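Asks: My structure is stored as work.txt, with compact mmCIF, C-alpha atoms (C1' of nucleotides).
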```txt
# COMPACT_ATOMS: atom_id res chain seq x y z
CA MET K 1 4.71 -17.88 -3.28
CA GLU K 2 8.06 -16.30 -2.60
CA ASN K 3 8.88 -13.34 -0.41
CA LEU K 4 6.79 -14.71 2.40
CA THR K 5 7.94 -12.09 4.86
CA GLN K 6 7.10 -9.24 2.54
CA ASN K 7 3.74 -10.76 1.63
CA ALA K 8 2.88 -11.33 5.26
CA PHE K 9 3.71 -7.76 6.25
CA ARG K 10 1.80 -6.46 3.28
CA ALA K 11 -1.21 -8.63 4.11
CA LEU K 12 -1.34 -7.23 7.63
CA ALA K 13 -1.03 -3.62 6.47
CA ASP K 14 -4.74 -3.34 5.67
CA PRO K 15 -7.22 -2.93 8.55
CA THR K 16 -9.91 -5.02 6.87
CA ARG K 17 -7.49 -7.88 6.46
CA ARG K 18 -6.40 -7.66 10.09
CA ASP K 19 -10.07 -7.84 11.06
CA ILE K 20 -10.53 -10.89 8.85
CA VAL K 21 -7.62 -12.59 10.58
CA LYS K 22 -9.19 -11.88 13.96
CA LEU K 23 -12.55 -13.25 12.82
CA LEU K 24 -10.96 -16.41 11.46
CA ALA K 25 -9.04 -16.87 14.68
CA SER K 26 -12.28 -17.65 16.47
CA GLU K 27 -14.11 -19.46 13.68
CA ASP K 28 -13.53 -20.82 10.18
CA MET K 29 -15.69 -18.95 7.69
CA THR K 30 -16.69 -18.93 4.03
CA ILE K 31 -16.41 -15.84 1.85
CA GLY K 32 -20.14 -15.35 2.15
CA GLN K 33 -20.03 -15.42 5.94
CA LEU K 34 -17.15 -12.96 5.98
CA THR K 35 -18.91 -10.65 3.56
CA ASP K 36 -21.84 -10.40 5.99
CA ARG K 37 -19.44 -8.88 8.53
CA PHE K 38 -18.13 -6.12 6.25
CA ASP K 39 -19.62 -3.29 4.27
CA MET K 40 -18.21 -4.34 0.92
CA THR K 41 -18.88 -6.76 -1.90
CA ARG K 42 -18.00 -10.44 -2.01
CA ALA K 43 -15.45 -9.67 -4.73
CA ALA K 44 -13.64 -7.21 -2.48
CA VAL K 45 -13.53 -9.71 0.38
CA LYS K 46 -12.27 -12.34 -2.00
CA LYS K 47 -9.40 -10.06 -3.02
CA HIS K 48 -8.43 -9.58 0.60
CA LEU K 49 -8.51 -13.33 1.13
CA THR K 50 -6.18 -13.79 -1.84
CA VAL K 51 -3.71 -11.34 -0.32
CA LEU K 52 -3.94 -13.10 3.03
CA SER K 53 -3.37 -16.43 1.32
CA ASP K 54 -0.33 -15.07 -0.55
CA GLY K 55 1.01 -13.97 2.82
CA GLY K 56 0.57 -17.47 4.18
CA LEU K 57 -1.80 -16.24 6.87
CA ILE K 58 -4.78 -18.36 5.86
CA THR K 59 -5.52 -21.59 4.03
CA VAL K 60 -8.57 -22.51 1.99
CA GLU K 61 -10.30 -25.86 1.91
CA ALA K 62 -12.81 -26.64 -0.83
CA ARG K 63 -15.92 -28.30 0.51
CA GLY K 64 -18.67 -28.77 -2.00
CA ARG K 65 -19.41 -25.42 -3.52
CA GLU K 66 -18.11 -23.64 -0.47
CA ARG K 67 -14.57 -22.66 0.47
CA ILE K 68 -13.68 -22.82 4.11
CA ASN K 69 -11.20 -20.09 5.01
CA ARG K 70 -9.05 -20.97 7.98
CA ILE K 71 -6.32 -19.15 9.83
CA GLU K 72 -2.77 -20.47 9.41
CA PRO K 73 -1.02 -19.67 12.70
CA LEU K 74 2.43 -20.43 11.33
CA GLY K 75 1.94 -17.68 8.79
CA MET K 76 2.63 -15.11 11.47
CA ALA K 77 6.05 -16.60 12.17
CA PRO K 78 7.92 -14.61 9.48
CA VAL K 79 6.63 -11.39 10.96
CA LEU K 80 7.51 -12.39 14.50
CA ASP K 81 10.91 -13.54 13.30
CA TRP K 82 11.51 -10.12 11.82
CA PHE K 83 10.92 -8.53 15.20
CA ARG K 84 13.21 -11.10 16.70
CA TYR K 85 16.07 -9.50 14.79
CA PHE K 86 16.03 -6.74 17.37
CA ASP K 87 16.91 -9.15 20.15
CA GLN K 88 20.57 -8.25 19.74
CA PHE K 89 19.81 -4.56 20.13
CA TRP K 90 17.79 -4.87 23.28
CA ASP K 91 20.12 -2.95 25.48
CA ASP K 92 19.21 -0.22 27.91
CA ARG K 93 17.92 2.07 25.21
CA LEU K 94 15.57 -0.61 23.93
CA SER K 95 14.64 -2.17 27.24
CA SER K 96 11.13 -0.79 27.06
CA LEU K 97 10.44 -2.81 23.95
CA LYS K 98 11.90 -5.91 25.53
CA GLU K 99 9.47 -5.52 28.38
CA ALA K 100 6.60 -5.05 25.95
CA ILE K 101 7.43 -8.34 24.32
CA GLU K 102 7.84 -10.20 27.57
CA ARG K 103 4.41 -9.03 28.66
CA LYS K 104 3.08 -11.15 25.82
CA ASP K 105 3.88 -14.26 27.84
CA LYS K 106 2.02 -12.97 30.88
CA MET Y 1 -1.09 11.38 14.92
CA GLU Y 2 -4.08 9.11 15.37
CA ASN Y 3 -4.54 5.53 14.26
CA LEU Y 4 -1.14 4.60 15.60
CA THR Y 5 -1.68 0.89 15.08
CA GLN Y 6 -2.68 1.33 11.47
CA ASN Y 7 0.17 3.75 10.80
CA ALA Y 8 2.68 1.40 12.39
CA PHE Y 9 1.51 -1.59 10.35
CA ARG Y 10 1.50 0.54 7.22
CA ALA Y 11 5.01 1.81 7.93
CA LEU Y 12 6.33 -1.74 8.25
CA ALA Y 13 4.67 -2.93 5.06
CA ASP Y 14 7.43 -1.54 2.85
CA PRO Y 15 10.74 -3.45 2.65
CA THR Y 16 12.83 -0.27 2.38
CA ARG Y 17 11.26 1.07 5.55
CA ARG Y 18 11.89 -2.19 7.39
CA ASP Y 19 15.53 -1.95 6.30
CA ILE Y 20 15.69 1.62 7.56
CA VAL Y 21 14.38 0.49 10.93
CA LYS Y 22 17.06 -2.19 11.09
CA LEU Y 23 19.79 0.31 10.21
CA LEU Y 24 18.59 2.76 12.81
CA ALA Y 25 18.48 0.00 15.39
CA SER Y 26 22.25 -0.19 15.33
CA GLU Y 27 23.06 3.47 14.76
CA ASP Y 28 21.35 6.86 14.60
CA MET Y 29 21.64 8.31 11.12
CA THR Y 30 20.91 11.44 9.12
CA ILE Y 31 18.93 11.39 5.90
CA GLY Y 32 22.15 11.79 3.96
CA GLN Y 33 23.74 8.78 5.64
CA LEU Y 34 20.65 6.69 5.01
CA THR Y 35 20.49 7.75 1.38
CA ASP Y 36 24.01 6.40 0.87
CA ARG Y 37 22.69 2.96 1.83
CA PHE Y 38 19.88 2.86 -0.72
CA ASP Y 39 19.55 3.22 -4.45
CA MET Y 40 17.11 6.08 -4.41
CA THR Y 41 17.04 9.85 -4.00
CA ARG Y 42 17.12 11.77 -0.77
CA ALA Y 43 13.54 12.87 -1.38
CA ALA Y 44 12.38 9.25 -1.52
CA VAL Y 45 14.21 8.38 1.70
CA LYS Y 46 12.71 11.45 3.32
CA LYS Y 47 9.21 10.25 2.39
CA HIS Y 48 9.89 6.88 3.97
CA LEU Y 49 11.14 8.59 7.12
CA THR Y 50 7.94 10.63 7.28
CA VAL Y 51 5.86 7.45 7.09
CA LEU Y 52 8.00 5.84 9.79
CA SER Y 53 7.58 8.94 11.94
CA ASP Y 54 3.79 8.89 11.44
CA GLY Y 55 3.86 5.28 12.60
CA GLY Y 56 5.71 6.29 15.74
CA LEU Y 57 8.63 4.05 14.85
CA ILE Y 58 11.28 6.77 14.72
CA THR Y 59 11.91 10.22 16.18
CA VAL Y 60 13.88 13.08 14.68
CA GLU Y 61 16.16 15.45 16.52
CA ALA Y 62 17.30 18.65 14.84
CA ARG Y 63 21.00 19.28 15.38
CA GLY Y 64 22.40 22.20 13.51
CA ARG Y 65 21.65 21.73 9.87
CA GLU Y 66 21.34 17.99 10.33
CA ARG Y 67 18.44 15.84 11.46
CA ILE Y 68 19.30 12.82 13.54
CA ASN Y 69 16.87 9.97 12.89
CA ARG Y 70 16.54 7.61 15.78
CA ILE Y 71 14.55 4.45 16.36
CA GLU Y 72 11.64 4.65 18.81
CA PRO Y 73 11.37 1.18 20.36
CA LEU Y 74 7.99 1.84 21.92
CA GLY Y 75 6.60 2.43 18.44
CA MET Y 76 6.55 -1.30 17.88
CA ALA Y 77 4.32 -1.89 20.86
CA PRO Y 78 1.00 -1.33 18.99
CA VAL Y 79 1.98 -4.00 16.49
CA LEU Y 80 3.05 -6.45 19.18
CA ASP Y 81 -0.12 -5.70 21.09
CA TRP Y 82 -2.16 -6.60 18.05
CA PHE Y 83 -0.53 -10.02 17.95
CA ARG Y 84 -1.20 -10.34 21.63
CA TYR Y 85 -4.91 -10.44 20.83
CA PHE Y 86 -4.42 -14.02 19.73
CA ASP Y 87 -3.37 -15.09 23.20
CA GLN Y 88 -6.92 -16.12 23.96
CA PHE Y 89 -7.03 -18.35 20.88
CA TRP Y 90 -3.81 -20.20 21.55
CA ASP Y 91 -5.40 -23.57 22.03
CA ASP Y 92 -4.26 -26.83 20.45
CA ARG Y 93 -4.94 -25.65 16.94
CA LEU Y 94 -2.81 -22.56 17.46
CA SER Y 95 -0.14 -24.13 19.64
CA SER Y 96 2.44 -23.92 16.87
CA LEU Y 97 2.25 -20.15 16.87
CA LYS Y 98 2.47 -20.08 20.62
CA GLU Y 99 5.68 -22.03 20.41
CA ALA Y 100 7.01 -19.67 17.76
CA ILE Y 101 6.47 -16.74 20.08
CA GLU Y 102 7.97 -18.46 23.06
CA ARG Y 103 11.07 -19.20 21.05
CA LYS Y 104 11.61 -15.46 20.96
CA ASP Y 105 12.58 -15.57 24.64
CA LYS Y 106 15.07 -18.34 23.99
C1' DT D 1 29.43 37.56 3.79
C1' DT D 2 29.21 34.28 0.70
C1' DG D 3 29.32 29.85 -1.04
C1' DA D 4 28.77 25.00 -0.06
C1' DC D 5 26.09 21.70 2.40
C1' DA D 6 21.96 19.31 4.58
C1' DT D 7 17.43 19.19 4.49
C1' DG D 8 12.41 20.58 3.41
C1' DA D 9 8.63 21.17 0.14
C1' DT D 10 6.25 20.89 -3.99
C1' DA D 11 4.77 19.36 -8.46
C1' DC D 12 4.55 15.64 -11.26
C1' DC D 13 4.55 10.72 -13.02
C1' DT D 14 3.68 5.63 -12.98
C1' DT D 15 2.24 1.57 -10.61
C1' DT D 16 -0.30 -0.61 -7.05
C1' DT D 17 -4.24 -0.94 -4.20
C1' DG D 18 -8.94 -1.29 -2.74
C1' DG D 19 -13.13 -1.22 -4.47
C1' DT D 20 -17.35 -2.03 -7.86
C1' DA D 21 -20.02 -4.22 -11.51
C1' DT D 22 -20.60 -7.90 -14.35
C1' DT D 23 -20.16 -12.30 -16.29
C1' DC D 24 -18.94 -17.24 -15.89
C1' DA D 25 -18.65 -21.91 -13.69
C1' DA D 26 -19.83 -25.33 -10.38
C1' DT D 27 -22.79 -27.41 -6.99
C1' DT D 28 -26.87 -28.08 -4.41
C1' DA D 29 -31.82 -28.67 -3.71
C1' DA D 30 -36.63 -28.54 -5.18
C1' DT R 1 -33.75 -31.00 -14.77
C1' DT R 2 -33.72 -26.60 -13.51
C1' DA R 3 -33.29 -22.76 -10.65
C1' DA R 4 -30.90 -20.81 -6.86
C1' DT R 5 -26.61 -20.47 -4.42
C1' DT R 6 -21.55 -20.02 -3.79
C1' DG R 7 -17.55 -18.69 -5.46
C1' DA R 8 -14.00 -17.35 -9.53
C1' DA R 9 -12.55 -14.14 -13.06
C1' DT R 10 -12.36 -10.10 -15.54
C1' DA R 11 -12.65 -5.29 -16.77
C1' DC R 12 -12.77 -1.04 -14.99
C1' DC R 13 -12.12 3.11 -11.79
C1' DA R 14 -10.36 6.42 -8.21
C1' DA R 15 -7.13 7.04 -4.81
C1' DA R 16 -2.86 6.01 -2.60
C1' DA R 17 1.99 4.76 -2.84
C1' DG R 18 6.68 5.07 -4.31
C1' DG R 19 9.58 7.43 -6.94
C1' DT R 20 12.00 11.66 -9.52
C1' DA R 21 13.19 16.44 -10.48
C1' DT R 22 13.35 20.91 -8.98
C1' DC R 23 13.47 24.76 -6.10
C1' DA R 24 13.54 26.94 -1.44
C1' DT R 25 15.52 27.40 3.22
C1' DG R 26 18.59 27.26 7.01
C1' DT R 27 23.35 26.55 8.70
C1' DC R 28 28.26 26.06 8.67
C1' DA R 29 32.88 27.42 7.31
C1' DA R 30 36.37 29.98 4.78
```
Render the structure in this file as structure tokens.

Replies:
Amino acid sequence: MENLTQNAFRALADPTRRDIVKLLASEDMTIGQLTDRFDMTRAAVKKHLTVLSDGGLITVEARGRERINRIEPLGMAPVLDWFRYFDQFWDDRLSSLKEAIERKDK
Amino acid sequence: MENLTQNAFRALADPTRRDIVKLLASEDMTIGQLTDRFDMTRAAVKKHLTVLSDGGLITVEARGRERINRIEPLGMAPVLDWFRYFDQFWDDRLSSLKEAIERKDK
DNA sequence: TTGACATGATACCTTTTGGTATTCAATTAA
DNA sequence: TTAATTGAATACCAAAAGGTATCATGTCAA
């Protein structure tokens, strides 16, 4: 799928999808398992997973009749790279953001 | 405005708005100046600026009959904080993302 | 003071999005 | 083998998103 940056940003724009990413960060899950965690149908969860997959944020592995959904850490790179663009503008006016980023490496 | 994290993610989901943020990172601009850079009407640009403002990513300063749109670096913090959640999961399986982030402080 | 300029606000339109319900296919287990 | 389980696919719907056109408002300059 093209436009990986756009698809990744779009995938993260929905709160349910961000929650799915957090859940998958701690444990691989099937659609059924994920559906148990949300107040919506399996079909709706499946749609979100498709969007996340288009954004490169998860991968799916077929295993019998189940599909194991797994987080793809590298999928976040395009988003982080976008923020990296602002490196060159991190002067005094933007120093507060620079500090916010550096805190990430606490 | 509440739901700052959601509004910030939503604001960044649109490619035009991401471009606006980049433009404003290098120079404060009025709506008119921004409109010259895009192939859409002033009203459309104004809508994007409202969404960016709701997301806390820009501020507006009235100056005579003009409105100076200015980037708000701290507005990105909620998004970066969200990514920070994954700190605790940066084990071997997620080491590649960890490296991607650390590259930001090259 | 009056006309041009910069923006705000509203109504309206089309497409996308997030969701449901329903049907279909594949796989597992009794 | 057959029934139950897991997921895929499709049609459909309401609401939100992205855009235009149009009109109103405030401000600057001649």

Asks: When the cut-off is 7 Å and we count all atoms listed in the file, which residues of chain R are near chain Y, given as a VMD selection string?

Replies: chain R and resid 19 26 to 27

Asks: So what do you get for atom CA of Leu12 of chain K versus atom CA of Ile58 of chain Y, distance-wise?

Replies: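 Computed distance, atom CA of Leu12 of chain K to atom CA of Ile58 of chain Y, equals 20.1 Å.
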
Asks: Counting all atoms listed in the file, which of K:Ile31, K:Ala62, K:Ala8, K:Ile68 gets nearest to chain D?

Replies: K:Ala62

Asks: Taking a cut-off of 9 Å and counting all atoms listed in the file, can you build a table that, for each residue of chain R near segment 10-20 of chain D, reports the nearest atom pair and how far apart they are in Å (one decimal), sorted by chain then residue number, as a Markdown table?

Replies:
```
| residue | atom | partner | partner_atom | distance |
| --- | --- | --- | --- | --- |
| R:DC12 | C1' | D:DT20 | C1' | 8.5 |
| R:DC13 | C1' | D:DT20 | C1' | 8.3 |
| R:DA14 | C1' | D:DG19 | C1' | 8.9 |
| R:DA15 | C1' | D:DT17 | C1' | 8.5 |
| R:DA16 | C1' | D:DT17 | C1' | 7.3 |
| R:DA17 | C1' | D:DT16 | C1' | 7.2 |
| R:DG18 | C1' | D:DT15 | C1' | 8.5 |
| R:DG19 | C1' | D:DC13 | C1' | 8.5 |
| R:DT20 | C1' | D:DC13 | C1' | 8.3 |
| R:DA21 | C1' | D:DC12 | C1' | 8.7 |
| R:DT22 | C1' | D:DT10 | C1' | 8.7 |
| R:DC23 | C1' | D:DT10 | C1' | 8.5 |
```

Asks: Quick check: residues of chain D within 10 Å of chain Y, all atoms listed in the file, returned as a list in words.

Replies: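 Per the criterion, chain D yields DC5, DA6, DT7, DG8 and DA9 of chain D.
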
Asks: Considering only C-alpha atoms, state which residue in the set K:Trp82, K:Leu57, K:Glu27, K:Pro73 is at the smallest distance from chain Y.

Replies: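 Nearest candidate to chain Y out of K:Trp82, K:Leu57, K:Glu27, K:Pro73: K:Pro73.
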
Asks: Mind giving me the straight-line distance from atom CA of Arg37 of chain Y to atom CA of Leu23 of chain Y in Å, one decimal?

Replies: 9.3 Å

Asks: What is the distance, in Å and to one decimal place, between atom CA of Ala77 of chain K and atom CA of Leu24 of chain Y?

Replies: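 Pair atom CA of Ala77 of chain K / atom CA of Leu24 of chain Y returns 23.1 Å.
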
Asks: Between Y:Leu34, Y:Val79, Y:Val51, Y:Gly56, single out the one closest to chain K, counting all atoms listed in the file.

Replies: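 Nearest to chain K: Y:Val79.
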
Asks: Do you know which residues lie at most 12 Å from (-23.6, -13.0, -10.6), with coordinates as in the file and all atoms listed in the file counted, and could you write them as a list in words?

Replies: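 Result, sorted by chain then residue number: Thr41, Arg42 and Ala43 of chain K; DA21, DT22, DT23, DC24 and DA25 of chain D; DA4, DT5, DT6, DG7, DA8 and DA9 of chain R.
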
Asks: If you take every atom of segment 38-41 of chain Y that the file lists and fit an axis-aligned box around them with 6 Å extra on each side, what centre and edge lengths come out in Å to one decimal, as AutoDock Vina command-line options?

Replies:
```
--center_x 18.5 --center_y 6.4 --center_z -2.6 --size_x 14.8 --size_y 19.0 --size_z 15.7
```

Asks: Which residue is closest to chain K? Choose from Y:Leu74, Y:Leu49, Y:Met29, Y:Val60 and count all atoms listed in the file.

Replies: Y:Leu74

Asks: Please rebuild segment 51-82 of chain K with N, CA and C atoms and give the result as a compact mmCIF listing (two decimals), in the coordinates of the input.

Replies:
```txt
# COMPACT_ATOMS: atom_id res chain seq x y z
N VAL K 51 -4.91 -11.97 -0.87
CA VAL K 51 -3.71 -11.34 -0.32
C VAL K 51 -3.28 -12.05 0.96
N LEU K 52 -4.25 -12.39 1.79
CA LEU K 52 -3.94 -13.10 3.03
C LEU K 52 -3.35 -14.49 2.73
N SER K 53 -3.88 -15.13 1.71
CA SER K 53 -3.37 -16.43 1.32
C SER K 53 -1.95 -16.31 0.78
N ASP K 54 -1.69 -15.30 -0.04
CA ASP K 54 -0.33 -15.07 -0.55
C ASP K 54 0.65 -14.82 0.61
N GLY K 55 0.16 -14.23 1.67
CA GLY K 55 1.01 -13.97 2.82
C GLY K 55 1.14 -15.17 3.74
N GLY K 56 0.47 -16.26 3.38
CA GLY K 56 0.57 -17.47 4.18
C GLY K 56 -0.19 -17.41 5.49
N LEU K 57 -1.10 -16.43 5.59
CA LEU K 57 -1.80 -16.24 6.87
C LEU K 57 -3.08 -17.06 6.98
N ILE K 58 -3.59 -17.50 5.84
CA ILE K 58 -4.78 -18.36 5.86
C ILE K 58 -4.61 -19.49 4.85
N THR K 59 -5.43 -20.51 5.02
CA THR K 59 -5.52 -21.59 4.03
C THR K 59 -6.98 -21.74 3.65
N VAL K 60 -7.21 -22.34 2.48
CA VAL K 60 -8.57 -22.51 1.99
C VAL K 60 -8.82 -23.98 1.70
N GLU K 61 -9.95 -24.48 2.17
CA GLU K 61 -10.30 -25.86 1.91
C GLU K 61 -11.63 -25.91 1.16
N ALA K 62 -11.58 -26.51 -0.05
CA ALA K 62 -12.81 -26.64 -0.83
C ALA K 62 -13.70 -27.70 -0.19
N ARG K 63 -14.97 -27.37 -0.12
CA ARG K 63 -15.92 -28.30 0.51
C ARG K 63 -17.25 -28.11 -0.19
N GLY K 64 -17.49 -28.96 -1.17
CA GLY K 64 -18.67 -28.77 -2.00
C GLY K 64 -18.51 -27.49 -2.78
N ARG K 65 -19.54 -26.69 -2.79
CA ARG K 65 -19.41 -25.42 -3.52
C ARG K 65 -18.88 -24.32 -2.63
N GLU K 66 -18.62 -24.66 -1.38
CA GLU K 66 -18.11 -23.64 -0.47
C GLU K 66 -16.60 -23.75 -0.28
N ARG K 67 -16.00 -22.66 0.14
CA ARG K 67 -14.57 -22.66 0.47
C ARG K 67 -14.43 -22.23 1.92
N ILE K 68 -13.88 -23.13 2.70
CA ILE K 68 -13.68 -22.82 4.11
C ILE K 68 -12.35 -22.10 4.29
N ASN K 69 -12.42 -20.86 4.76
CA ASN K 69 -11.20 -20.09 5.01
C ASN K 69 -10.81 -20.26 6.47
N ARG K 70 -9.52 -20.57 6.64
CA ARG K 70 -9.05 -20.97 7.98
C ARG K 70 -7.73 -20.27 8.26
N ILE K 71 -7.56 -19.84 9.48
CA ILE K 71 -6.32 -19.15 9.83
C ILE K 71 -5.15 -20.14 9.83
N GLU K 72 -3.99 -19.65 9.41
CA GLU K 72 -2.77 -20.47 9.41
C GLU K 72 -1.79 -19.83 10.40
N PRO K 73 -1.81 -20.31 11.64
CA PRO K 73 -1.02 -19.67 12.70
C PRO K 73 0.45 -19.51 12.35
N LEU K 74 1.01 -20.50 11.68
CA LEU K 74 2.43 -20.43 11.33
C LEU K 74 2.74 -19.29 10.39
N GLY K 75 1.72 -18.78 9.72
CA GLY K 75 1.94 -17.68 8.79
C GLY K 75 2.43 -16.42 9.47
N MET K 76 2.18 -16.31 10.76
CA MET K 76 2.63 -15.11 11.47
C MET K 76 4.11 -15.20 11.85
N ALA K 77 4.66 -16.39 11.75
CA ALA K 77 6.05 -16.60 12.17
C ALA K 77 7.04 -15.68 11.47
N PRO K 78 6.95 -15.51 10.13
CA PRO K 78 7.92 -14.61 9.48
C PRO K 78 7.90 -13.21 10.06
N VAL K 79 6.73 -12.73 10.40
CA VAL K 79 6.63 -11.39 10.96
C VAL K 79 7.27 -11.35 12.35
N LEU K 80 6.94 -12.34 13.16
CA LEU K 80 7.51 -12.39 14.50
C LEU K 80 9.01 -12.58 14.44
N ASP K 81 9.46 -13.35 13.46
CA ASP K 81 10.91 -13.54 13.30
C ASP K 81 11.60 -12.23 12.96
N TRP K 82 10.91 -11.41 12.17
CA TRP K 82 11.51 -10.12 11.82
C TRP K 82 11.75 -9.30 13.08
```
